[in-house]
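Below is protein_26.csv, holding CSV, C-alpha atoms and all ligand atoms.
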chain,number,residue,atom,x,y,z
A,198,MET,CA,-29.8,-14.5,-10.9
A,199,SER,CA,-28.8,-15.1,-7.3
A,200,HIS,CA,-26.7,-12.5,-5.7
A,201,SER,CA,-25.2,-14.7,-3.2
A,202,LEU,CA,-21.6,-15.6,-3.1
A,203,PRO,CA,-20.5,-19.1,-2.4
A,204,ALA,CA,-20.0,-19.5,1.3
A,205,PRO,CA,-16.2,-19.9,1.2
A,206,ALA,CA,-15.9,-16.8,-1.0
A,207,ALA,CA,-18.1,-14.8,1.4
A,208,GLU,CA,-16.1,-16.0,4.3
A,209,ALA,CA,-12.8,-14.9,2.7
A,210,LEU,CA,-14.2,-11.5,1.8
A,211,ARG,CA,-15.4,-11.0,5.3
A,212,SER,CA,-11.9,-11.4,6.7
A,213,GLN,CA,-10.1,-9.4,4.0
A,214,THR,CA,-8.5,-6.2,5.2
A,215,ILE,CA,-7.0,-3.3,3.2
A,216,GLU,CA,-4.7,-0.7,4.8
A,217,ILE,CA,-5.0,2.9,3.8
A,218,PRO,CA,-2.3,5.7,3.8
A,219,SER,CA,-2.6,8.8,5.9
A,220,TRP,CA,-1.1,10.8,3.1
A,221,ALA,CA,-4.1,10.1,0.8
A,222,PHE,CA,-6.2,12.5,2.8
A,223,GLY,CA,-3.9,15.5,2.7
A,224,ASN,CA,-3.7,18.0,-0.2
A,225,ALA,CA,-1.9,16.6,-3.2
A,226,GLY,CA,-1.0,17.5,-6.8
A,227,THR,CA,1.8,17.4,-9.2
A,228,ARG,CA,5.0,19.5,-9.3
A,229,PHE,CA,2.8,22.1,-11.2
A,230,LYS,CA,0.0,22.6,-8.7
A,231,VAL,CA,-1.2,21.3,-5.4
A,232,PHE,CA,-5.0,21.7,-5.1
A,233,THR,CA,-6.8,22.5,-1.9
A,234,LEU,CA,-10.2,21.0,-1.2
A,235,PRO,CA,-12.5,22.3,1.6
A,236,GLY,CA,-12.3,20.3,4.9
A,237,GLY,CA,-8.8,18.9,4.3
A,238,PRO,CA,-7.2,17.5,7.5
A,239,ARG,CA,-4.9,19.8,9.3
A,240,ASP,CA,-2.9,17.2,11.3
A,241,PRO,CA,-2.4,13.4,11.8
A,242,TYR,CA,-5.4,13.2,14.1
A,243,GLU,CA,-7.7,14.6,11.4
A,244,LYS,CA,-6.2,12.3,8.8
A,245,ILE,CA,-7.0,9.3,11.0
A,246,ALA,CA,-10.5,10.6,11.5
A,247,ASP,CA,-11.0,10.7,7.7
A,248,ALA,CA,-9.4,7.3,7.3
A,249,ALA,CA,-11.9,5.9,9.9
A,250,GLN,CA,-14.7,7.0,7.6
A,251,VAL,CA,-13.4,4.7,4.9
A,252,HIS,CA,-13.5,1.8,7.4
A,253,ARG,CA,-16.9,2.8,8.7
A,254,TYR,CA,-18.5,2.4,5.3
A,255,THR,CA,-16.5,-0.4,3.8
A,256,GLY,CA,-15.9,-2.5,6.9
A,257,ILE,CA,-12.6,-3.7,5.5
A,258,ALA,CA,-10.1,-0.9,6.0
A,259,PRO,CA,-9.2,-1.1,9.7
A,260,ARG,CA,-5.6,0.1,9.5
A,261,VAL,CA,-3.9,3.4,8.5
A,262,SER,CA,-0.3,3.7,7.4
A,263,LEU,CA,1.6,6.6,8.9
A,264,HIS,CA,4.6,8.5,7.4
A,265,ILE,CA,7.3,10.0,9.6
A,266,PRO,CA,7.9,13.0,9.7
A,267,TRP,CA,4.6,14.0,8.0
A,268,ASP,CA,2.6,12.4,10.9
A,269,ARG,CA,5.0,13.3,13.7
A,270,VAL,CA,3.1,14.1,16.9
A,271,GLU,CA,4.0,14.8,20.5
A,272,ASP,CA,2.4,11.7,22.0
A,273,TYR,CA,2.1,8.5,19.8
A,274,ASP,CA,0.2,6.6,22.5
A,275,ASP,CA,-2.4,9.3,22.4
A,276,LEU,CA,-2.5,9.1,18.6
A,277,ALA,CA,-3.0,5.3,18.8
A,278,ARG,CA,-5.8,5.7,21.3
A,279,HIS,CA,-7.4,8.3,19.1
A,280,ALA,CA,-7.3,5.7,16.2
A,281,ALA,CA,-8.7,3.0,18.5
A,282,ASP,CA,-11.5,5.3,19.6
A,283,LEU,CA,-12.5,5.7,16.0
A,284,GLY,CA,-12.4,1.9,15.3
A,285,VAL,CA,-9.1,1.7,13.4
A,286,GLN,CA,-5.4,1.0,14.2
A,287,ILE,CA,-2.0,2.1,13.1
A,288,GLY,CA,-0.5,0.1,10.3
A,289,ALA,CA,2.9,0.4,8.7
A,290,ILE,CA,5.2,3.2,9.6
A,291,ASN,CA,6.8,4.7,6.5
A,292,SER,CA,10.2,6.4,6.8
A,293,ASN,CA,11.3,9.4,4.7
A,294,LEU,CA,14.6,9.5,3.0
A,295,PHE,CA,13.8,12.0,0.3
A,296,GLN,CA,13.1,15.4,1.8
A,297,ASP,CA,16.4,16.4,3.3
A,298,ASP,CA,19.2,18.4,1.6
A,299,ASP,CA,21.7,16.0,3.2
A,300,TYR,CA,20.3,13.2,1.0
A,301,ARG,CA,21.1,14.7,-2.4
A,302,LEU,CA,23.6,12.0,-3.2
A,303,GLY,CA,21.9,9.2,-1.1
A,304,SER,CA,20.8,8.3,2.3
A,305,LEU,CA,21.3,4.6,3.4
A,306,THR,CA,23.9,4.4,0.5
A,307,HIS,CA,25.6,7.7,1.1
A,308,ALA,CA,29.5,7.6,1.0
A,309,ASP,CA,29.6,10.0,3.9
A,310,GLU,CA,29.3,8.0,7.1
A,311,ARG,CA,27.7,10.9,9.0
A,312,ILE,CA,24.9,11.2,6.5
A,313,ARG,CA,24.4,7.4,6.4
A,314,ALA,CA,24.3,7.3,10.2
A,315,LYS,CA,21.7,10.0,10.2
A,316,ALA,CA,19.5,8.0,7.8
A,317,ILE,CA,19.8,4.9,10.0
A,318,ALA,CA,19.0,6.9,13.1
A,319,HIS,CA,15.8,8.1,11.4
A,320,HIS,CA,14.7,4.5,11.3
A,321,ARG,CA,15.3,4.1,15.0
A,322,GLU,CA,12.8,7.0,15.5
A,323,CYS,CA,10.4,5.1,13.3
A,324,ILE,CA,10.8,1.9,15.3
A,325,ASP,CA,10.1,3.9,18.5
A,326,VAL,CA,6.9,5.1,16.8
A,327,MET,CA,6.0,1.5,16.0
A,328,ARG,CA,6.5,0.5,19.6
A,329,ALA,CA,4.2,3.3,20.8
A,330,THR,CA,1.5,2.7,18.2
A,331,GLY,CA,1.6,-1.1,18.1
A,332,SER,CA,2.6,-1.1,14.4
A,333,GLN,CA,4.2,-4.3,13.1
A,334,ASP,CA,5.8,-3.1,9.9
A,335,LEU,CA,8.6,-0.7,9.2
A,336,LYS,CA,8.2,0.2,5.5
A,337,ILE,CA,11.3,1.5,3.7
A,338,TRP,CA,11.1,3.0,0.2
A,339,LEU,CA,14.7,3.9,-0.7
A,340,PRO,CA,14.8,6.9,-3.0
A,341,ASP,CA,18.6,6.6,-3.5
A,342,GLY,CA,20.3,6.4,-6.9
A,343,THR,CA,22.5,8.2,-9.4
A,344,ASN,CA,21.8,10.2,-12.5
A,345,TYR,CA,25.0,9.8,-14.5
A,346,PRO,CA,27.2,6.8,-15.4
A,347,GLY,CA,30.3,6.9,-13.3
A,348,GLN,CA,28.7,9.2,-10.7
A,349,ASP,CA,29.3,6.6,-8.0
A,350,SER,CA,30.2,2.9,-7.7
A,351,ILE,CA,27.1,0.7,-8.1
A,352,ARG,CA,28.7,-2.0,-6.0
A,353,ALA,CA,30.0,0.2,-3.2
A,354,ARG,CA,26.5,1.6,-2.9
A,355,GLN,CA,25.0,-1.9,-2.6
A,356,ASP,CA,27.6,-2.7,0.1
A,357,ARG,CA,26.7,0.4,2.1
A,358,LEU,CA,23.0,-0.3,1.7
A,359,ALA,CA,23.4,-3.8,2.9
A,360,ASP,CA,25.2,-2.6,6.0
A,361,SER,CA,22.6,0.2,6.7
A,362,LEU,CA,19.7,-2.3,6.4
A,363,ALA,CA,21.4,-4.7,8.7
A,364,GLN,CA,21.7,-2.1,11.4
A,365,ILE,CA,18.1,-1.1,11.0
A,366,TYR,CA,16.9,-4.8,11.0
A,367,ALA,CA,18.9,-5.4,14.2
A,368,ALA,CA,17.1,-2.5,15.9
A,369,LEU,CA,13.7,-4.1,15.3
A,370,ASP,CA,11.8,-6.0,18.0
A,371,ALA,CA,11.2,-9.8,17.5
A,372,ASP,CA,7.6,-9.2,16.4
A,373,GLN,CA,8.3,-6.4,14.0
A,374,ARG,CA,9.0,-6.7,10.2
A,375,LEU,CA,11.1,-4.7,7.8
A,376,ILE,CA,9.3,-4.4,4.5
A,377,LEU,CA,11.4,-3.1,1.6
A,378,GLU,CA,9.9,-1.4,-1.5
A,379,TYR,CA,11.6,-1.2,-4.9
A,380,LYS,CA,11.1,1.3,-7.8
A,381,PHE,CA,12.8,1.2,-11.2
A,382,PHE,CA,13.2,5.0,-11.7
A,383,GLU,CA,12.6,8.3,-9.9
A,384,PRO,CA,13.8,10.4,-8.2
A,385,TYR,CA,17.0,9.2,-10.0
A,386,PHE,CA,17.2,8.3,-13.6
A,387,TYR,CA,20.4,6.3,-14.3
A,388,THR,CA,20.5,3.9,-11.4
A,389,MET,CA,18.2,3.3,-8.5
A,390,ASP,CA,19.8,1.4,-5.6
A,391,ILE,CA,16.7,-0.8,-5.2
A,392,PRO,CA,15.2,-0.8,-8.7
A,393,ASP,CA,13.5,-4.1,-8.8
A,394,TRP,CA,12.1,-7.0,-6.8
A,395,GLY,CA,15.2,-9.1,-7.3
A,396,THR,CA,17.4,-6.5,-5.6
A,397,SER,CA,14.9,-6.1,-2.8
A,398,LEU,CA,14.6,-9.8,-2.3
A,399,LEU,CA,18.4,-10.3,-2.2
A,400,HIS,CA,18.6,-7.7,0.6
A,401,CYS,CA,15.7,-9.3,2.4
A,402,LEU,CA,17.2,-12.8,2.2
A,403,ALA,CA,20.5,-11.5,3.6
A,404,LEU,CA,18.7,-9.7,6.5
A,405,GLY,CA,16.5,-12.5,7.8
A,406,GLU,CA,13.0,-14.0,7.9
A,407,ARG,CA,11.3,-10.8,9.0
A,408,ALA,CA,12.5,-8.9,6.0
A,409,LEU,CA,10.0,-8.9,3.1
A,410,VAL,CA,9.4,-7.2,-0.2
A,411,VAL,CA,6.8,-4.5,-0.9
A,412,LEU,CA,5.4,-4.5,-4.4
A,413,ASP,CA,4.1,-1.1,-5.5
A,414,THR,CA,2.0,-1.7,-8.6
A,415,GLY,CA,3.2,1.6,-10.1
A,416,HIS,CA,6.9,0.9,-9.8
A,417,HIS,CA,7.6,-1.2,-12.9
A,418,ALA,CA,8.6,-0.6,-16.5
A,419,PRO,CA,5.5,-0.5,-18.8
A,420,ASN,CA,4.1,-4.0,-19.6
A,421,THR,CA,5.9,-5.8,-16.8
A,422,ASN,CA,4.0,-8.9,-15.8
A,423,ILE,CA,3.3,-8.0,-12.2
A,424,GLU,CA,1.3,-11.1,-11.3
A,425,PHE,CA,4.4,-13.2,-12.2
A,426,ILE,CA,6.4,-11.3,-9.6
A,427,VAL,CA,3.6,-11.8,-7.1
A,428,ALA,CA,3.7,-15.6,-7.8
A,429,GLN,CA,7.4,-15.7,-7.4
A,430,LEU,CA,7.6,-13.7,-4.2
A,431,LEU,CA,4.8,-15.9,-2.7
A,432,ARG,CA,6.8,-19.0,-3.6
A,433,GLN,CA,9.6,-17.6,-1.5
A,434,GLY,CA,7.4,-16.5,1.3
A,435,ARG,CA,8.7,-13.0,0.9
A,436,LEU,CA,5.8,-10.9,-0.3
A,437,GLY,CA,5.3,-8.6,2.7
A,438,ALA,CA,2.9,-6.1,1.3
A,439,PHE,CA,1.4,-4.3,-1.7
A,440,ASP,CA,1.3,-0.6,-2.4
A,441,PHE,CA,-1.7,-0.7,-4.6
A,442,ASN,CA,-2.4,2.1,-7.1
A,443,SER,CA,-2.9,2.6,-10.9
A,444,ARG,CA,-0.6,4.0,-13.5
A,445,PHE,CA,-0.9,5.0,-17.1
A,446,TYR,CA,2.6,6.4,-17.6
A,447,ALA,CA,4.9,6.5,-14.6
A,448,ASP,CA,4.4,6.3,-10.8
A,449,ASP,CA,1.0,8.0,-11.2
A,450,ASP,CA,-0.5,6.9,-7.8
A,451,LEU,CA,-4.0,6.9,-9.3
A,452,MET,CA,-6.8,4.9,-7.8
A,453,VAL,CA,-6.1,1.1,-7.8
A,454,GLY,CA,-8.2,-0.7,-10.4
A,455,ALA,CA,-8.9,2.5,-12.3
A,456,ALA,CA,-6.4,2.1,-15.1
A,457,ASP,CA,-6.3,-1.7,-15.5
A,458,PRO,CA,-8.9,-3.6,-13.5
A,459,PHE,CA,-8.0,-6.8,-15.3
A,460,GLN,CA,-4.4,-6.6,-14.0
A,461,LEU,CA,-5.7,-6.2,-10.5
A,462,PHE,CA,-7.9,-9.3,-11.0
A,463,ARG,CA,-4.8,-11.2,-12.3
A,464,ILE,CA,-2.8,-10.2,-9.2
A,465,MET,CA,-5.7,-11.2,-6.9
A,466,HIS,CA,-6.0,-14.5,-8.7
A,467,GLU,CA,-2.4,-15.3,-7.8
A,468,ILE,CA,-3.0,-14.3,-4.2
A,469,VAL,CA,-6.1,-16.4,-3.9
A,470,GLN,CA,-4.5,-19.5,-5.6
A,471,ALA,CA,-1.6,-19.3,-3.2
A,472,GLY,CA,-3.9,-19.0,-0.2
A,473,ALA,CA,-2.4,-15.6,0.6
A,474,LEU,CA,-5.6,-13.6,1.1
A,475,SER,CA,-6.2,-14.3,4.8
A,476,PRO,CA,-4.8,-11.7,7.2
A,477,ASP,CA,-2.5,-14.4,8.8
A,478,SER,CA,-0.8,-15.1,5.5
A,479,GLY,CA,1.6,-12.2,6.2
A,480,VAL,CA,0.7,-10.2,3.1
A,481,SER,CA,-0.5,-6.7,3.9
A,482,PHE,CA,-2.7,-5.2,1.3
A,483,MET,CA,-2.0,-1.5,1.4
A,484,LEU,CA,-2.9,1.4,-0.8
A,485,ASP,CA,-0.3,4.1,-1.8
A,486,GLN,CA,-2.3,6.7,-3.7
A,487,CYS,CA,-2.6,10.5,-4.0
A,488,HIS,CA,-6.0,12.0,-4.9
A,489,ASN,CA,-4.9,15.1,-6.8
A,490,ILE,CA,-8.2,16.3,-8.2
A,491,GLU,CA,-10.9,14.0,-6.8
A,492,PRO,CA,-12.5,14.0,-3.3
A,493,LYS,CA,-10.1,12.0,-1.1
A,494,ILE,CA,-12.3,10.0,1.3
A,495,GLN,CA,-14.6,9.0,-1.5
A,496,GLY,CA,-11.6,8.2,-3.6
A,497,GLN,CA,-10.3,5.9,-0.9
A,498,ILE,CA,-13.7,4.2,-0.5
A,499,ARG,CA,-13.7,3.7,-4.3
A,500,SER,CA,-10.2,2.2,-4.2
A,501,VAL,CA,-11.1,-0.2,-1.3
A,502,LEU,CA,-14.2,-1.3,-3.2
A,503,ASN,CA,-12.1,-1.9,-6.4
A,504,VAL,CA,-9.8,-4.2,-4.5
A,505,GLN,CA,-12.7,-6.0,-3.0
A,506,GLU,CA,-14.4,-6.4,-6.4
A,507,ALA,CA,-11.2,-7.8,-7.9
A,508,THR,CA,-10.9,-10.2,-5.0
A,509,ALA,CA,-14.5,-11.4,-5.3
A,510,LYS,CA,-13.9,-12.1,-8.9
A,511,ALA,CA,-10.7,-14.0,-8.1
A,512,LEU,CA,-12.6,-16.0,-5.5
A,513,LEU,CA,-15.2,-16.9,-8.1
A,514,VAL,CA,-12.8,-18.7,-10.5
A,515,ASP,CA,-14.0,-22.2,-11.0
A,516,VAL,CA,-10.7,-23.8,-9.8
A,517,GLU,CA,-11.8,-27.3,-10.7
A,518,ALA,CA,-12.6,-26.4,-14.3
A,519,LEU,CA,-9.4,-24.3,-14.5
A,520,GLY,CA,-7.2,-27.1,-13.0
A,521,ALA,CA,-8.8,-29.7,-15.4
A,522,ALA,CA,-8.2,-27.5,-18.4
A,523,GLN,CA,-4.7,-26.8,-17.4
A,524,ARG,CA,-3.9,-30.5,-16.8
A,525,ASP,CA,-5.4,-31.4,-20.2
A,526,GLY,CA,-3.6,-28.7,-22.0
A,527,GLN,CA,-6.9,-27.1,-23.0
A,528,VAL,CA,-5.5,-23.6,-23.6
A,529,LEU,CA,-8.8,-21.9,-24.4
A,530,GLU,CA,-10.9,-23.6,-21.8
A,531,ALA,CA,-8.4,-22.6,-19.2
A,532,ASN,CA,-8.4,-19.0,-20.3
A,533,GLU,CA,-12.2,-19.1,-20.4
A,534,ALA,CA,-12.4,-20.3,-16.8
A,535,LEU,CA,-10.5,-17.2,-15.8
A,536,MET,CA,-12.4,-14.8,-18.0
A,537,ASP,CA,-15.8,-16.1,-16.9
A,538,ALA,CA,-14.9,-15.1,-13.3
A,539,TYR,CA,-13.5,-11.8,-14.5
A,540,HIS,CA,-16.6,-10.9,-16.4
A,541,THR,CA,-19.0,-11.6,-13.5
A,542,ASP,CA,-20.6,-8.5,-12.1
A,543,VAL,CA,-19.9,-9.0,-8.4
A,544,ARG,CA,-21.3,-5.7,-7.3
A,545,PRO,CA,-24.8,-7.0,-6.3
A,546,MET,CA,-23.2,-9.9,-4.4
A,547,LEU,CA,-21.0,-7.5,-2.5
A,548,ALA,CA,-23.9,-5.3,-1.7
A,549,ASP,CA,-25.7,-8.3,-0.2
A,550,LEU,CA,-22.6,-9.3,1.7
A,551,ARG,CA,-22.5,-5.8,3.2
A,552,ALA,CA,-26.1,-5.9,4.1
A,553,ASP,CA,-25.5,-9.2,5.9
A,554,GLN,CA,-22.7,-7.5,7.9
A,555,GLY,CA,-24.9,-4.6,8.9
A,556,LEU,CA,-23.2,-2.2,6.5
A,557,ASP,CA,-24.9,0.0,4.0
A,558,PRO,CA,-25.0,-2.0,0.7
A,559,ASP,CA,-23.8,1.2,-1.1
A,560,PRO,CA,-20.8,2.6,0.8
A,561,ILE,CA,-20.3,5.6,-1.4
A,562,ALA,CA,-23.9,6.7,-1.4
A,563,ALA,CA,-24.0,6.2,2.4
A,564,PHE,CA,-20.9,8.2,2.9
A,565,LYS,CA,-22.1,11.1,0.7
A,566,ALA,CA,-25.5,11.1,2.5
A,567,SER,CA,-23.8,11.3,5.9
A,568,GLY,CA,-22.9,14.9,5.5
A,569,TYR,CA,-19.3,14.3,6.8
A,570,VAL,CA,-17.7,16.4,4.0
A,571,ASP,CA,-19.8,19.5,4.8
A,572,GLN,CA,-19.3,18.9,8.5
A,573,VAL,CA,-15.5,18.9,8.3
A,574,ALA,CA,-15.5,21.8,5.8
A,575,ASP,CA,-17.2,23.9,8.5
A,576,ALA,CA,-15.2,22.6,11.4
A,577,ARG,CA,-11.8,22.8,9.8
A,578,VAL,CA,-11.7,26.4,8.6
A,579,GLY,CA,-8.5,28.1,9.6
A,580,GLY,CA,-5.2,26.5,10.2
A,581,ALA,CA,-3.0,25.1,7.4
A,582,GLN,CA,-4.2,21.9,5.8
A,583,ALA,CA,-1.8,19.0,5.7
A,584,GLY,CA,-0.5,18.0,2.3
A,585,TRP,CA,1.6,15.3,0.8
A,586,GLY,CA,4.8,16.2,2.6
A,587,ALA,CA,3.4,18.1,5.5
B,601,LIG,C1,7.4,6.3,-3.7
B,601,LIG,O1,7.3,6.4,-4.9
B,601,LIG,C2,6.7,5.2,-3.0
B,601,LIG,O2,5.7,4.7,-3.7
B,601,LIG,C3,6.6,5.2,-1.5
B,601,LIG,O3,5.8,4.1,-1.1
B,601,LIG,C4,6.5,6.3,-0.7
B,601,LIG,O4,7.1,6.0,0.5
B,601,LIG,C5,5.0,6.7,-0.3
B,601,LIG,O5,4.5,7.4,-1.4
B,601,LIG,C6,4.9,7.6,0.9
B,601,LIG,O6,6.1,8.2,1.2
B,602,ZN,ZN,4.7,3.0,-2.7
B,603,ZN,ZN,5.5,5.3,-5.7
Written form, structure tokens:
Amino acid sequence: MSHSLPAPAAEALRSQTIEIPSWAFGNAGTRFKVFTLPGGPRDPYEKIADAAQVHRYTGIAPRVSLHIPWDRVEDYDDLARHAADLGVQIGAINSNLFQDDDYRLGSLTHADERIRAKAIAHHRECIDVMRATGSQDLKIWLPDGTNYPGQDSIRARQDRLADSLAQIYAALDADQRLILEYKFFEPYFYTMDIPDWGTSLLHCLALGERALVVLDTGHHAPNTNIEFIVAQLLRQGRLGAFDFNSRFYADDDLMVGAADPFQLFRIMHEIVQAGALSPDSGVSFMLDQCHNIEPKIQGQIRSVLNVQEATAKALLVDVEALGAAQRDGQVLEANEALMDAYHTDVRPMLADLRADQGLDPDPIAAFKASGYVDQVADARVGGAQAGWGA
């Protein structure tokens, strides 16, 4: 069987990009234990160096998301230059509203104006980081919520949130976007102030055209039909980004495509059908993962490849057969058109595509053979390793 992809699919795959998070490279764990692996990065410079390895072997991971304050440095111009020297650039800037005692009862929703102003000011700092690094996206995940019925007014919190977001949006430059994530539970368990895509979308619509929704695949109730949400947000032109990961139970942040590769394929099918794959579609394909027990760089490479494989399968759907079956009400034939593509082993095709691009056909083997892990394990002894939250 031929390994070659149809030309339009190969073209689409060559221009696909996936953004990887700086925090995937630091030590991570659960509330029970954070594990330390040799060679862990000690600062944002080393996290970016590790991220650049993922791009080097996959060719499709040219951006790194930063998180402030975890990636706070003296000189952001210098950090951006360091990234460029390594062949990558700075992606979304993530704010942090969840590691300050002041935010126990909320941040952008807080009833105390002083605390709310502090949370808004933190985003001004993030916007300055965006200016210095050339980042286009301010990513807000709002950890605010309540634990007990009656604890606070649901409506008053929405009003304060709308006002806070409007102030942040007004501080953005004309070429910068605000991307707003939702999550149905955690860290609060009765209400979250942005629990779902509808709430995020309503706030984005009120803000303006450069406010878009972030869909984290781990942030829904079990069995939620995520591809339906993708289709709906694309119809509105308001899908700004994905935070891709896998979950079995809650917000597990496992490698994307590990728990449910079929779901990832269904999501990418909606993307491809809506023409939203290309980098100028405005959808940023980001990973939001923590590698608690597995090697981190290799884990990121695996994740990028999982997204690429799901994308290739989505690009192989016979759209004519699918469209004809859908028009004719041929339920099983329509389903078969999708499943045929899903069951195709695209790995040899992607290996050939990489070889055509001058990359090693097997990125994981090439990375392992490079000796990078041993090299950094030797070079990075001493000094505290950065972790999720440091
Ligand atoms: C939290 O659950 C979220 O998924 C966020 O995207 C969070 O901002 C990210 O993990 C880094 O802070
Ligand atoms: Zn996320
Ligand atoms: Zn999450």
Query raised in the report: Neighbours of stretch 232-240 of chain A within 6 Å (all atoms listed in the file; same-chain residues fewer than 5 positions away dropped), as a list of chain:residue names?
Result: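 So, after excluding close chain neighbours, the residues are A:Asn224, A:Val573, A:Ala574, A:Arg577, A:Ala581, A:Gln582, A:Ala583.
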Go ahead and save the picked residues with C-alpha atoms, as a PDB file, in the frame of the given file.
ATOM      1  CA  ASN A 224      -3.700  18.000  -0.200  1.00  0.00           C
ATOM      2  CA  VAL A 573     -15.500  18.900   8.300  1.00  0.00           C
ATOM      3  CA  ALA A 574     -15.500  21.800   5.800  1.00  0.00           C
ATOM      4  CA  ARG A 577     -11.800  22.800   9.800  1.00  0.00           C
ATOM      5  CA  ALA A 581      -3.000  25.100   7.400  1.00  0.00           C
ATOM      6  CA  GLN A 582      -4.200  21.900   5.800  1.00  0.00           C
ATOM      7  CA  ALA A 583      -1.800  19.000   5.700  1.00  0.00           C
TER       8      ALA A 583
END
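Distances to A:Ala277 were evaluated for A:His400, A:Arg328, A:Arg407, A:Tyr379 using only C-alpha atoms, and the minimum falls at A:Arg328.
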Any chance you could tabulate, as JSON lines, the residues of chain A at most 9 Å from ligand LIG 601 (chain B) with each one's nearest atom pair and distance in Å to one decimal, using only C-alpha atoms and all ligand atoms, in chain and rising number order?
{"residue": "A:Pro218", "atom": "CA", "partner": "B:LIG601", "partner_atom": "C6", "distance": 8.0}
{"residue": "A:Trp220", "atom": "CA", "partner": "B:LIG601", "partner_atom": "C6", "distance": 7.1}
{"residue": "A:Leu263", "atom": "CA", "partner": "B:LIG601", "partner_atom": "C6", "distance": 8.7}
{"residue": "A:His264", "atom": "CA", "partner": "B:LIG601", "partner_atom": "O6", "distance": 6.4}
{"residue": "A:Ile265", "atom": "CA", "partner": "B:LIG601", "partner_atom": "O6", "distance": 8.7}
{"residue": "A:Asn291", "atom": "CA", "partner": "B:LIG601", "partner_atom": "O4", "distance": 6.1}
{"residue": "A:Ser292", "atom": "CA", "partner": "B:LIG601", "partner_atom": "O4", "distance": 7.0}
{"residue": "A:Asn293", "atom": "CA", "partner": "B:LIG601", "partner_atom": "O6", "distance": 6.4}
{"residue": "A:Leu294", "atom": "CA", "partner": "B:LIG601", "partner_atom": "O4", "distance": 8.6}
{"residue": "A:Phe295", "atom": "CA", "partner": "B:LIG601", "partner_atom": "O6", "distance": 8.6}
{"residue": "A:Lys336", "atom": "CA", "partner": "B:LIG601", "partner_atom": "O4", "distance": 7.7}
{"residue": "A:Ile337", "atom": "CA", "partner": "B:LIG601", "partner_atom": "O4", "distance": 6.9}
{"residue": "A:Trp338", "atom": "CA", "partner": "B:LIG601", "partner_atom": "O4", "distance": 5.0}
{"residue": "A:Leu339", "atom": "CA", "partner": "B:LIG601", "partner_atom": "O4", "distance": 8.0}
{"residue": "A:Pro340", "atom": "CA", "partner": "B:LIG601", "partner_atom": "C1", "distance": 7.5}
{"residue": "A:Glu378", "atom": "CA", "partner": "B:LIG601", "partner_atom": "O3", "distance": 6.9}
{"residue": "A:Tyr379", "atom": "CA", "partner": "B:LIG601", "partner_atom": "C2", "distance": 8.3}
{"residue": "A:Lys380", "atom": "CA", "partner": "B:LIG601", "partner_atom": "O1", "distance": 7.0}
{"residue": "A:Glu383", "atom": "CA", "partner": "B:LIG601", "partner_atom": "O1", "distance": 7.5}
{"residue": "A:Pro384", "atom": "CA", "partner": "B:LIG601", "partner_atom": "O1", "distance": 8.3}
{"residue": "A:Val411", "atom": "CA", "partner": "B:LIG601", "partner_atom": "O3", "distance": 8.7}
{"residue": "A:Asp413", "atom": "CA", "partner": "B:LIG601", "partner_atom": "O2", "distance": 6.3}
{"residue": "A:Thr414", "atom": "CA", "partner": "B:LIG601", "partner_atom": "O2", "distance": 8.9}
{"residue": "A:Gly415", "atom": "CA", "partner": "B:LIG601", "partner_atom": "O2", "distance": 7.5}
{"residue": "A:His416", "atom": "CA", "partner": "B:LIG601", "partner_atom": "O2", "distance": 7.3}
{"residue": "A:Asp440", "atom": "CA", "partner": "B:LIG601", "partner_atom": "O3", "distance": 6.6}
{"residue": "A:Asp448", "atom": "CA", "partner": "B:LIG601", "partner_atom": "O1", "distance": 6.6}
{"residue": "A:Asp450", "atom": "CA", "partner": "B:LIG601", "partner_atom": "O2", "distance": 7.8}
{"residue": "A:Asp485", "atom": "CA", "partner": "B:LIG601", "partner_atom": "O5", "distance": 5.8}
{"residue": "A:Gln486", "atom": "CA", "partner": "B:LIG601", "partner_atom": "O5", "distance": 7.2}
{"residue": "A:Cys487", "atom": "CA", "partner": "B:LIG601", "partner_atom": "O5", "distance": 8.2}
{"residue": "A:Trp585", "atom": "CA", "partner": "B:LIG601", "partner_atom": "C6", "distance": 8.4}
{"residue": "A:Gly586", "atom": "CA", "partner": "B:LIG601", "partner_atom": "O6", "distance": 8.2}
Query raised in the report: When distances are computed from all atoms listed in the file, which of A:Ala289, A:Leu529, A:Ala314, A:Leu461 shows the smallest separation from ligand ZN 602 (chain B)?
Result: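 When distances to ligand ZN 602 (chain B) are compared using all atoms listed in the file, the smallest one comes from A:Ala289.
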Query raised in the report: Looking at only C-alpha atoms, which of A:Gln250, A:Pro346, A:Glu424, A:Arg435 is the one that sits closest to A:Gly568?
Result: A:Gln250
Query raised in the report: Between A:Arg551, A:Arg253, A:Arg313, A:Arg374, which one has atoms that come closest to A:Val285, using only C-alpha atoms?
Result: A:Arg253
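Checking A:Phe382, A:Asp334, A:Asp390, A:Thr306 one by one against A:Ser361, counting all atoms listed in the file, you find the shortest gap at A:Thr306.
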Report summary line: ligand ZN 603 (chain B) proximity check over A:Leu412, A:Ala316, A:Met389, A:Val501, using all atoms listed in the file: winner is A:Leu412
